[in-house]
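Printed here is target31.txt (compact mmCIF, C-alpha atoms):
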# COMPACT_ATOMS: atom_id res chain seq x y z
CA MET A 1 -222.73 -55.71 -53.28
CA MET A 2 -220.93 -54.20 -50.28
CA ALA A 3 -218.49 -57.14 -50.19
CA PHE A 4 -217.69 -56.56 -53.85
CA LYS A 5 -216.97 -52.88 -53.17
CA VAL A 6 -214.61 -53.73 -50.32
CA ILE A 7 -212.72 -56.24 -52.50
CA PHE A 8 -212.63 -53.70 -55.32
CA PHE A 9 -211.23 -51.10 -52.93
CA LEU A 10 -208.47 -53.43 -51.69
CA VAL A 11 -207.46 -54.38 -55.22
CA LEU A 12 -207.28 -50.74 -56.26
CA CYS A 13 -205.20 -49.96 -53.17
CA PHE A 14 -202.68 -52.60 -54.23
CA LEU A 15 -202.53 -51.34 -57.81
CA PHE A 16 -202.17 -47.75 -56.68
CA LEU A 17 -199.41 -48.62 -54.22
CA ILE A 18 -197.16 -49.97 -56.94
CA SER A 19 -197.63 -46.87 -59.06
CA SER A 20 -199.36 -43.16 -54.58
CA SER A 21 -199.34 -38.73 -48.53
CA PHE A 22 -199.88 -37.87 -45.55
CA ALA A 23 -203.23 -36.16 -45.47
CA THR A 24 -203.20 -32.52 -46.45
CA ALA A 25 -203.31 -29.92 -43.70
CA THR A 26 -206.96 -29.26 -44.44
CA THR A 27 -208.28 -32.82 -44.61
CA HIS A 28 -207.52 -36.45 -43.89
CA ILE A 29 -209.22 -38.01 -46.92
CA TRP A 30 -212.47 -36.09 -47.00
CA ALA A 31 -213.13 -34.42 -43.66
CA PRO A 32 -211.06 -31.62 -42.04
CA SER A 33 -208.18 -32.57 -39.77
CA THR A 34 -206.45 -30.87 -36.83
CA ASP A 35 -203.27 -30.40 -38.90
CA VAL A 36 -202.37 -26.81 -39.81
CA GLN A 37 -199.78 -25.65 -42.31
CA GLY A 38 -196.57 -24.21 -40.87
CA TYR A 39 -195.65 -20.55 -41.24
CA LYS A 40 -195.00 -19.58 -44.88
CA LYS A 41 -195.45 -23.19 -45.96
CA TRP A 42 -197.48 -23.44 -49.15
CA HIS A 43 -199.51 -26.56 -49.86
CA LEU A 44 -200.80 -27.33 -53.36
CA THR A 45 -203.36 -30.11 -53.78
CA SER A 46 -205.12 -31.69 -56.75
CA ASP A 47 -208.09 -33.97 -55.96
CA TYR A 48 -210.26 -36.13 -58.19
CA TYR A 49 -213.52 -37.78 -57.03
CA VAL A 50 -214.45 -40.44 -59.57
CA PRO A 51 -217.88 -42.16 -59.35
CA THR A 52 -217.75 -45.97 -59.29
CA GLU A 53 -221.41 -46.48 -60.22
CA SER A 54 -224.63 -44.77 -61.22
CA ASN A 55 -226.76 -43.03 -58.61
CA ALA A 56 -230.31 -44.04 -57.62
CA SER A 57 -231.67 -42.23 -60.69
CA GLY A 58 -229.56 -44.39 -62.99
CA VAL A 59 -227.25 -41.51 -63.90
CA ARG A 60 -223.48 -41.77 -63.62
CA PRO A 61 -222.31 -38.49 -61.99
CA THR A 62 -219.51 -36.37 -63.39
CA THR A 63 -216.02 -36.64 -61.96
CA ILE A 64 -215.38 -33.82 -59.48
CA THR A 65 -212.03 -32.02 -59.66
CA ASN A 66 -210.60 -29.80 -56.93
CA PHE A 67 -207.42 -27.72 -57.18
CA GLY A 68 -206.46 -25.99 -53.94
CA LEU A 69 -203.75 -23.83 -52.40
CA THR A 70 -203.21 -23.31 -48.65
CA VAL A 71 -200.56 -21.37 -46.72
CA GLY A 72 -199.61 -21.09 -43.05
CA VAL A 73 -199.77 -17.51 -41.78
CA LEU A 74 -198.68 -17.47 -38.12
CA PRO A 75 -195.02 -17.67 -36.94
CA PHE A 76 -195.79 -19.36 -33.61
CA GLU A 77 -194.80 -22.79 -32.39
CA LYS A 78 -197.90 -23.51 -30.31
CA PHE A 79 -200.60 -21.66 -32.21
CA ASN A 80 -200.98 -21.96 -35.96
CA ALA A 81 -203.30 -20.68 -38.66
CA GLU A 82 -203.79 -21.26 -42.35
CA VAL A 83 -205.86 -19.74 -45.15
CA GLY A 84 -206.61 -21.18 -48.55
CA PHE A 85 -208.88 -21.53 -51.54
CA ASP A 86 -210.16 -24.24 -53.87
CA HIS A 87 -211.33 -24.29 -57.46
CA LYS A 88 -213.96 -27.01 -57.95
CA SER A 89 -215.66 -28.23 -61.09
CA GLY A 90 -218.04 -31.02 -62.07
CA TYR A 91 -221.11 -29.70 -60.24
CA GLY A 92 -223.14 -28.61 -63.28
CA ASP A 93 -224.48 -25.06 -63.09
CA MET A 94 -222.60 -24.51 -59.82
CA ASP A 95 -219.43 -24.46 -61.92
CA ASP A 96 -220.30 -20.83 -62.69
CA TYR A 97 -219.14 -20.14 -59.11
CA PRO A 98 -216.06 -22.41 -58.78
CA TRP A 99 -214.17 -20.59 -55.99
CA TYR A 100 -214.35 -21.75 -52.37
CA PHE A 101 -212.35 -20.45 -49.39
CA ASN A 102 -211.22 -21.90 -46.07
CA THR A 103 -209.35 -20.99 -42.90
CA LYS A 104 -208.32 -22.78 -39.73
CA VAL A 105 -206.57 -22.11 -36.40
CA GLY A 106 -205.06 -24.84 -34.29
CA ILE A 107 -202.82 -25.94 -31.43
CA PRO A 108 -200.45 -28.88 -32.08
CA GLU A 109 -200.57 -32.09 -30.09
CA ASN A 110 -198.46 -32.03 -26.88
CA ALA A 111 -198.03 -28.25 -27.12
CA TYR A 112 -198.80 -27.89 -23.38
CA GLY A 113 -197.81 -31.29 -22.03
CA ASN A 114 -197.83 -34.95 -23.04
CA PHE A 115 -201.58 -35.35 -22.53
CA PHE A 116 -202.58 -32.23 -24.48
CA PRO A 117 -204.50 -33.08 -27.69
CA ALA A 118 -204.24 -31.29 -31.00
CA ILE A 119 -207.16 -28.85 -31.36
CA ALA A 120 -208.45 -27.08 -34.44
CA VAL A 121 -211.38 -24.82 -35.29
CA GLY A 122 -212.12 -23.74 -38.83
CA ILE A 123 -214.48 -23.17 -41.70
CA TYR A 124 -214.38 -24.45 -45.26
CA ASP A 125 -216.41 -24.40 -48.47
CA LEU A 126 -217.06 -20.70 -48.08
CA GLY A 127 -218.68 -20.36 -51.49
CA THR A 128 -219.33 -17.20 -53.44
CA LYS A 129 -223.02 -17.74 -54.28
CA GLU A 130 -225.62 -17.67 -51.49
CA ASN A 131 -228.02 -20.65 -51.48
CA LYS A 132 -225.93 -22.33 -54.17
CA THR A 133 -222.27 -22.85 -53.22
CA ALA A 134 -221.98 -21.19 -49.78
CA SER A 135 -222.09 -24.35 -47.65
CA ASN A 136 -219.98 -22.54 -45.00
CA VAL A 137 -219.08 -25.63 -42.96
CA VAL A 138 -217.83 -24.71 -39.46
CA TYR A 139 -216.08 -27.40 -37.41
CA ALA A 140 -214.13 -28.08 -34.23
CA LYS A 141 -211.95 -31.13 -33.73
CA ALA A 142 -209.47 -32.64 -31.27
CA ALA A 143 -206.91 -35.40 -31.92
CA LYS A 144 -204.61 -37.55 -29.79
CA THR A 145 -202.05 -40.23 -30.58
CA PHE A 146 -202.23 -43.43 -28.52
CA SER A 147 -199.75 -46.22 -27.95
CA ALA A 148 -199.33 -49.49 -26.06
CA GLY A 149 -195.73 -49.56 -24.94
CA ASP A 150 -193.62 -49.06 -28.04
CA LEU A 151 -196.50 -49.92 -30.36
CA SER A 152 -198.35 -46.99 -31.89
CA LEU A 153 -202.12 -47.45 -31.98
CA GLY A 154 -202.52 -44.47 -34.26
CA ARG A 155 -204.20 -41.11 -33.84
CA ILE A 156 -207.90 -40.69 -33.02
CA SER A 157 -209.75 -37.49 -33.95
CA LEU A 158 -213.22 -36.49 -32.73
CA GLY A 159 -215.23 -33.41 -33.52
CA ALA A 160 -218.40 -31.93 -34.92
CA PHE A 161 -219.46 -29.72 -37.82
CA ARG A 162 -222.35 -27.57 -38.94
CA GLY A 163 -223.12 -26.17 -42.40
CA ASP A 164 -225.74 -24.09 -44.17
CA GLY A 165 -229.15 -25.66 -43.56
CA ASP A 166 -230.42 -24.76 -47.03
CA LEU A 167 -227.62 -26.66 -48.77
CA LEU A 168 -226.78 -29.56 -46.43
CA VAL A 169 -230.01 -31.51 -46.82
CA HIS A 170 -231.31 -35.06 -47.17
CA GLY A 171 -234.24 -35.03 -49.52
CA SER A 172 -236.32 -32.03 -48.51
CA LYS A 173 -235.13 -32.01 -44.89
CA LYS A 174 -232.29 -30.06 -43.34
CA ASP A 175 -229.40 -32.33 -42.35
CA ASN A 176 -226.59 -29.89 -41.71
CA LYS A 177 -224.77 -30.96 -38.54
CA GLY A 178 -223.04 -34.09 -37.39
CA LEU A 179 -220.03 -35.87 -35.94
CA LEU A 180 -216.48 -36.17 -37.22
CA PHE A 181 -214.34 -39.22 -36.46
CA THR A 182 -210.95 -40.35 -37.79
CA TRP A 183 -208.44 -43.09 -37.08
CA GLU A 184 -205.08 -42.71 -38.81
CA ARG A 185 -201.68 -44.34 -38.46
CA LEU A 186 -198.25 -44.28 -40.04
CA MET A 187 -197.27 -47.84 -40.98
CA PRO A 188 -193.53 -48.13 -40.23
CA GLU A 189 -193.88 -51.93 -40.33
CA ILE A 190 -194.25 -51.42 -44.08
CA SER A 191 -192.54 -48.07 -44.62
CA ASP A 192 -192.21 -44.69 -42.91
CA LYS A 193 -193.72 -43.29 -46.12
CA PHE A 194 -196.95 -45.29 -45.80
CA TRP A 195 -200.05 -43.98 -43.96
CA MET A 196 -203.56 -45.42 -43.54
CA CYS A 197 -206.83 -43.79 -42.52
CA LEU A 198 -210.48 -44.53 -41.76
CA GLU A 199 -212.82 -41.59 -41.25
CA TYR A 200 -216.47 -40.69 -40.86
CA GLN A 201 -218.42 -37.49 -41.43
CA GLY A 202 -222.02 -37.47 -40.27
CA THR A 203 -225.34 -36.56 -41.91
CA ARG A 204 -226.95 -37.96 -45.02
CA SER A 205 -226.27 -34.76 -46.90
CA SER A 206 -223.71 -34.86 -49.72
CA TYR A 207 -221.01 -34.27 -47.07
CA GLY A 208 -221.77 -37.44 -45.10
CA ALA A 209 -219.56 -40.43 -45.82
CA TRP A 210 -217.33 -43.21 -44.56
CA ASN A 211 -213.90 -43.03 -46.17
CA ALA A 212 -211.01 -45.48 -46.18
CA GLY A 213 -207.65 -44.84 -47.77
CA PHE A 214 -203.89 -44.76 -47.70
CA SER A 215 -201.07 -42.49 -48.83
CA TRP A 216 -197.48 -42.76 -49.96
CA LYS A 217 -194.82 -40.08 -49.62
CA PHE A 218 -192.65 -39.98 -52.75
CA ALA A 219 -190.37 -37.21 -51.48
CA ASP A 220 -190.16 -34.82 -48.51
CA ASN A 221 -192.59 -32.47 -50.25
CA VAL A 222 -194.55 -34.71 -52.67
CA SER A 223 -197.16 -37.32 -51.76
CA GLY A 224 -200.19 -39.08 -53.19
CA LEU A 225 -203.38 -40.40 -51.62
CA PHE A 226 -205.98 -42.95 -52.67
CA GLY A 227 -209.32 -43.38 -50.93
CA TYR A 228 -212.77 -44.91 -51.34
CA ASP A 229 -215.86 -42.92 -50.30
CA PHE A 230 -219.02 -44.71 -49.07
CA TYR A 231 -221.76 -42.06 -48.86
CA ASN A 232 -224.25 -42.22 -46.00
CA ASP A 233 -227.04 -41.43 -48.46
CA ARG A 234 -227.13 -44.70 -50.40
CA ASP A 235 -228.92 -42.97 -53.29
CA LEU A 236 -225.60 -41.26 -54.07
CA ALA A 237 -222.94 -42.96 -56.15
CA ASP A 238 -219.82 -43.97 -54.22
CA THR A 239 -216.56 -42.52 -55.44
CA TYR A 240 -212.86 -43.14 -55.20
CA THR A 241 -210.46 -40.32 -54.46
CA ILE A 242 -207.08 -39.68 -56.02
CA GLN A 243 -205.07 -36.82 -54.54
CA LEU A 244 -201.63 -35.35 -55.23
CA ASP A 245 -200.02 -32.96 -52.70
CA ILE A 246 -196.96 -30.74 -53.13
CA ASP A 247 -195.44 -28.55 -50.40
CA PHE A 248 -193.12 -25.64 -51.15

Just give me the structure of the file as structure tokens.
Amino acid sequence: MMAFKVIFFLVLCFLFLISSSFATATTHIWAPSTDVQGYKKWHLTSDYYVPTESNASGVRPTTITNFGLTVGVLPFEKFNAEVGFDHKSGYGDMDDYPWYFNTKVGIPENAYGNFFPAIAVGIYDLGTKENKTASNVVYAKAAKTFSAGDLSLGRISLGAFRGDGDLLVHGSKKDNKGLLFTWERLMPEISDKFWMCLEYQGTRSSYGAWNAGFSWKFADNVSGLFGYDFYNDRDLADTYTIQLDIDF
């Protein structure tokens, strides 16, 4: 079954390539990144999480949609900040409270020397309904690009997160904190517009997943991303992600 999913993912990647960014400033594919929007730079994103199967109860979940807007708010070269919001739907009765907010501060890679990593601290999914949508996920993350001579080995990100213990659960048990890991790389061997990513977010809550994906930059300010999401809780239905990003 897992082999079939991997083959299915690769086939979809090929089909999507002939039709889809660099990860948004808030996320890579799923988890938060160390990237922060530049001053007065607006970032519009439209995400779709489409189930590929039924869950353990035999029910095929609803497609989740997420429309978000983020803007950079600090005019500094070595210290950045962004604020934003998302409108999410597809969560049943939680759709009565569709607004979620986020913010992040960060220092770019190499800001204080060649060995200085990118660093970011933030919070996302600040929901408006206590014990229902207020997951309030706080995270810290560092990232560094590695190379072997002239060959880029990509960028590695490591971090940790913690969310509301009443909402980030596995079964009846709290499962609200875990690790963050990402490998990402531009693929100039193919095109300077092509980017690939593998990431992990811990826990067996609904936030925990392995994600693999790629993006294609159509223009300086328009890009698309495709990813496949393998949830750590195998009772949940895996999804694929389609994302469109526009900067202005």

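For stretch 52-65 of chain A, the non-local neighbours within 9 Å, defined as residues at least 2 positions apart in the same chain or in other chains and counting all atoms listed in the file, are Ser46, Asp47, Tyr48, Tyr49, Val50, Phe67, His87, Lys88, Ser89, Gly90, Tyr91, Gly92, Arg234, Asp235, Leu236, Ala237, Asp238, Thr239 and Tyr240 of chain A.
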
Quick one: residues within 10 Å of stretch 139-156 of chain A, only C-alpha atoms, excluding same-chain residues fewer than 4 positions away - as a VMD selection string?
chain A and resid 31 to 35 104 to 110 114 to 124 160 to 163 177 to 188 196 to 199

Across A:Phe248, A:Val138, A:Tyr231, A:Gly213, the smallest distance to A:His28, with only C-alpha atoms counted, is shown by A:Gly213

Nearest to A:Trp30 by atom-to-atom distance, counting all atoms listed in the file, from A:Phe85, A:Phe194, A:Tyr207, A:Phe214
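When distances to A:Trp30 are compared using all atoms listed in the file, the smallest one comes from A:Tyr207.
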
Quick one: residues within 8 Å of A:Gln37, only C-alpha atoms, excluding same-chain residues fewer than 2 positions away - as a list in words?
Ala25, Asp35, Tyr39, Lys41, Trp42, His43, Thr70, Val71, Gly72, Asn80, Ala81 and Glu82 of chain A

Could you give me, as a VMD selection string, the residues within 8 Å of A:Ala134, counting all atoms listed in the file and dropping anything in the same chain fewer than 6 positions from it?
chain A and resid 125 to 128 164 167

Rounded to one decimal place, report the atom CA of A:Trp99-atom CA of A:Pro75 distance in Å.
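Computing it gives 27.2 Å between the two atoms.
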
What are the centre and edge lengths in Å, to one decimal, of the axis-aligned box around all listed atoms of stretch 202-216 of chain A with 3 Å added on each side, as AutoDock Vina command-line options?
--center_x -212.2 --center_y -39.9 --center_z -45.1 --size_x 35.5 --size_y 17.2 --size_z 15.7

What does the distance between atom CA of A:Asn176 and atom CA of A:Val36 come to in Å, to one decimal place?
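Taking atom CA of A:Asn176 as the start and atom CA of A:Val36 as the end point, the length is 24.5 Å.
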
Given the point (-192.3, -38.6, -53.1) in the file's coordinates, find the residues that have an atom at most 10 Å from it, counting all atoms listed in the file, and give them as a compact mmCIF listing (two decimals) with C-alpha atoms, keeping the file's coordinate frame.
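Everything below was put into selection20.txt:
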# COMPACT_ATOMS: atom_id res chain seq x y z
CA SER A 20 -199.36 -43.16 -54.58
CA SER A 21 -199.34 -38.73 -48.53
CA LYS A 193 -193.72 -43.29 -46.12
CA TRP A 216 -197.48 -42.76 -49.96
CA LYS A 217 -194.82 -40.08 -49.62
CA PHE A 218 -192.65 -39.98 -52.75
CA ALA A 219 -190.37 -37.21 -51.48
CA ASP A 220 -190.16 -34.82 -48.51
CA ASN A 221 -192.59 -32.47 -50.25
CA VAL A 222 -194.55 -34.71 -52.67
CA SER A 223 -197.16 -37.32 -51.76
CA GLY A 224 -200.19 -39.08 -53.19
CA ASP A 245 -200.02 -32.96 -52.70
CA ILE A 246 -196.96 -30.74 -53.13

Some atoms are absent from stretch 51-64 of chain A, so rebuild N, CA and C atoms and return them as a PDB file, keeping the file's coordinate frame.
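Full text of out.pdb as output:
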ATOM      1  N   PRO A  51    -216.779 -41.251 -59.699  1.00  0.00           N
ATOM      2  CA  PRO A  51    -217.880 -42.160 -59.350  1.00  0.00           C
ATOM      3  C   PRO A  51    -217.575 -43.596 -59.792  1.00  0.00           C
ATOM      4  N   THR A  52    -217.961 -44.565 -58.964  1.00  0.00           N
ATOM      5  CA  THR A  52    -217.750 -45.970 -59.290  1.00  0.00           C
ATOM      6  C   THR A  52    -219.015 -46.634 -59.816  1.00  0.00           C
ATOM      7  N   GLU A  53    -220.129 -45.899 -59.833  1.00  0.00           N
ATOM      8  CA  GLU A  53    -221.410 -46.480 -60.220  1.00  0.00           C
ATOM      9  C   GLU A  53    -222.382 -45.363 -60.546  1.00  0.00           C
ATOM     10  N   SER A  54    -223.556 -45.740 -61.000  1.00  0.00           N
ATOM     11  CA  SER A  54    -224.630 -44.770 -61.220  1.00  0.00           C
ATOM     12  C   SER A  54    -225.346 -44.497 -59.911  1.00  0.00           C
ATOM     13  N   ASN A  55    -225.994 -43.340 -59.806  1.00  0.00           N
ATOM     14  CA  ASN A  55    -226.760 -43.030 -58.610  1.00  0.00           C
ATOM     15  C   ASN A  55    -228.140 -43.687 -58.681  1.00  0.00           C
ATOM     16  N   ALA A  56    -229.006 -43.389 -57.695  1.00  0.00           N
ATOM     17  CA  ALA A  56    -230.310 -44.040 -57.620  1.00  0.00           C
ATOM     18  C   ALA A  56    -231.200 -43.705 -58.817  1.00  0.00           C
ATOM     19  N   SER A  57    -230.892 -42.611 -59.508  1.00  0.00           N
ATOM     20  CA  SER A  57    -231.670 -42.230 -60.690  1.00  0.00           C
ATOM     21  C   SER A  57    -231.150 -42.896 -61.963  1.00  0.00           C
ATOM     22  N   GLY A  58    -230.113 -43.712 -61.827  1.00  0.00           N
ATOM     23  CA  GLY A  58    -229.560 -44.390 -62.990  1.00  0.00           C
ATOM     24  C   GLY A  58    -228.583 -43.546 -63.792  1.00  0.00           C
ATOM     25  N   VAL A  59    -228.170 -42.424 -63.214  1.00  0.00           N
ATOM     26  CA  VAL A  59    -227.250 -41.510 -63.900  1.00  0.00           C
ATOM     27  C   VAL A  59    -225.858 -41.635 -63.290  1.00  0.00           C
ATOM     28  N   ARG A  60    -224.849 -41.727 -64.121  1.00  0.00           N
ATOM     29  CA  ARG A  60    -223.480 -41.770 -63.620  1.00  0.00           C
ATOM     30  C   ARG A  60    -222.987 -40.332 -63.455  1.00  0.00           C
ATOM     31  N   PRO A  61    -222.718 -39.883 -62.221  1.00  0.00           N
ATOM     32  CA  PRO A  61    -222.310 -38.490 -61.990  1.00  0.00           C
ATOM     33  C   PRO A  61    -220.984 -38.154 -62.662  1.00  0.00           C
ATOM     34  N   THR A  62    -220.757 -36.873 -62.808  1.00  0.00           N
ATOM     35  CA  THR A  62    -219.510 -36.370 -63.390  1.00  0.00           C
ATOM     36  C   THR A  62    -218.386 -36.445 -62.369  1.00  0.00           C
ATOM     37  N   THR A  63    -217.184 -36.692 -62.832  1.00  0.00           N
ATOM     38  CA  THR A  63    -216.020 -36.640 -61.960  1.00  0.00           C
ATOM     39  C   THR A  63    -215.839 -35.220 -61.423  1.00  0.00           C
ATOM     40  N   ILE A  64    -215.612 -35.114 -60.117  1.00  0.00           N
ATOM     41  CA  ILE A  64    -215.380 -33.820 -59.480  1.00  0.00           C
ATOM     42  C   ILE A  64    -213.870 -33.572 -59.394  1.00  0.00           C
TER      43      ILE A  64
END
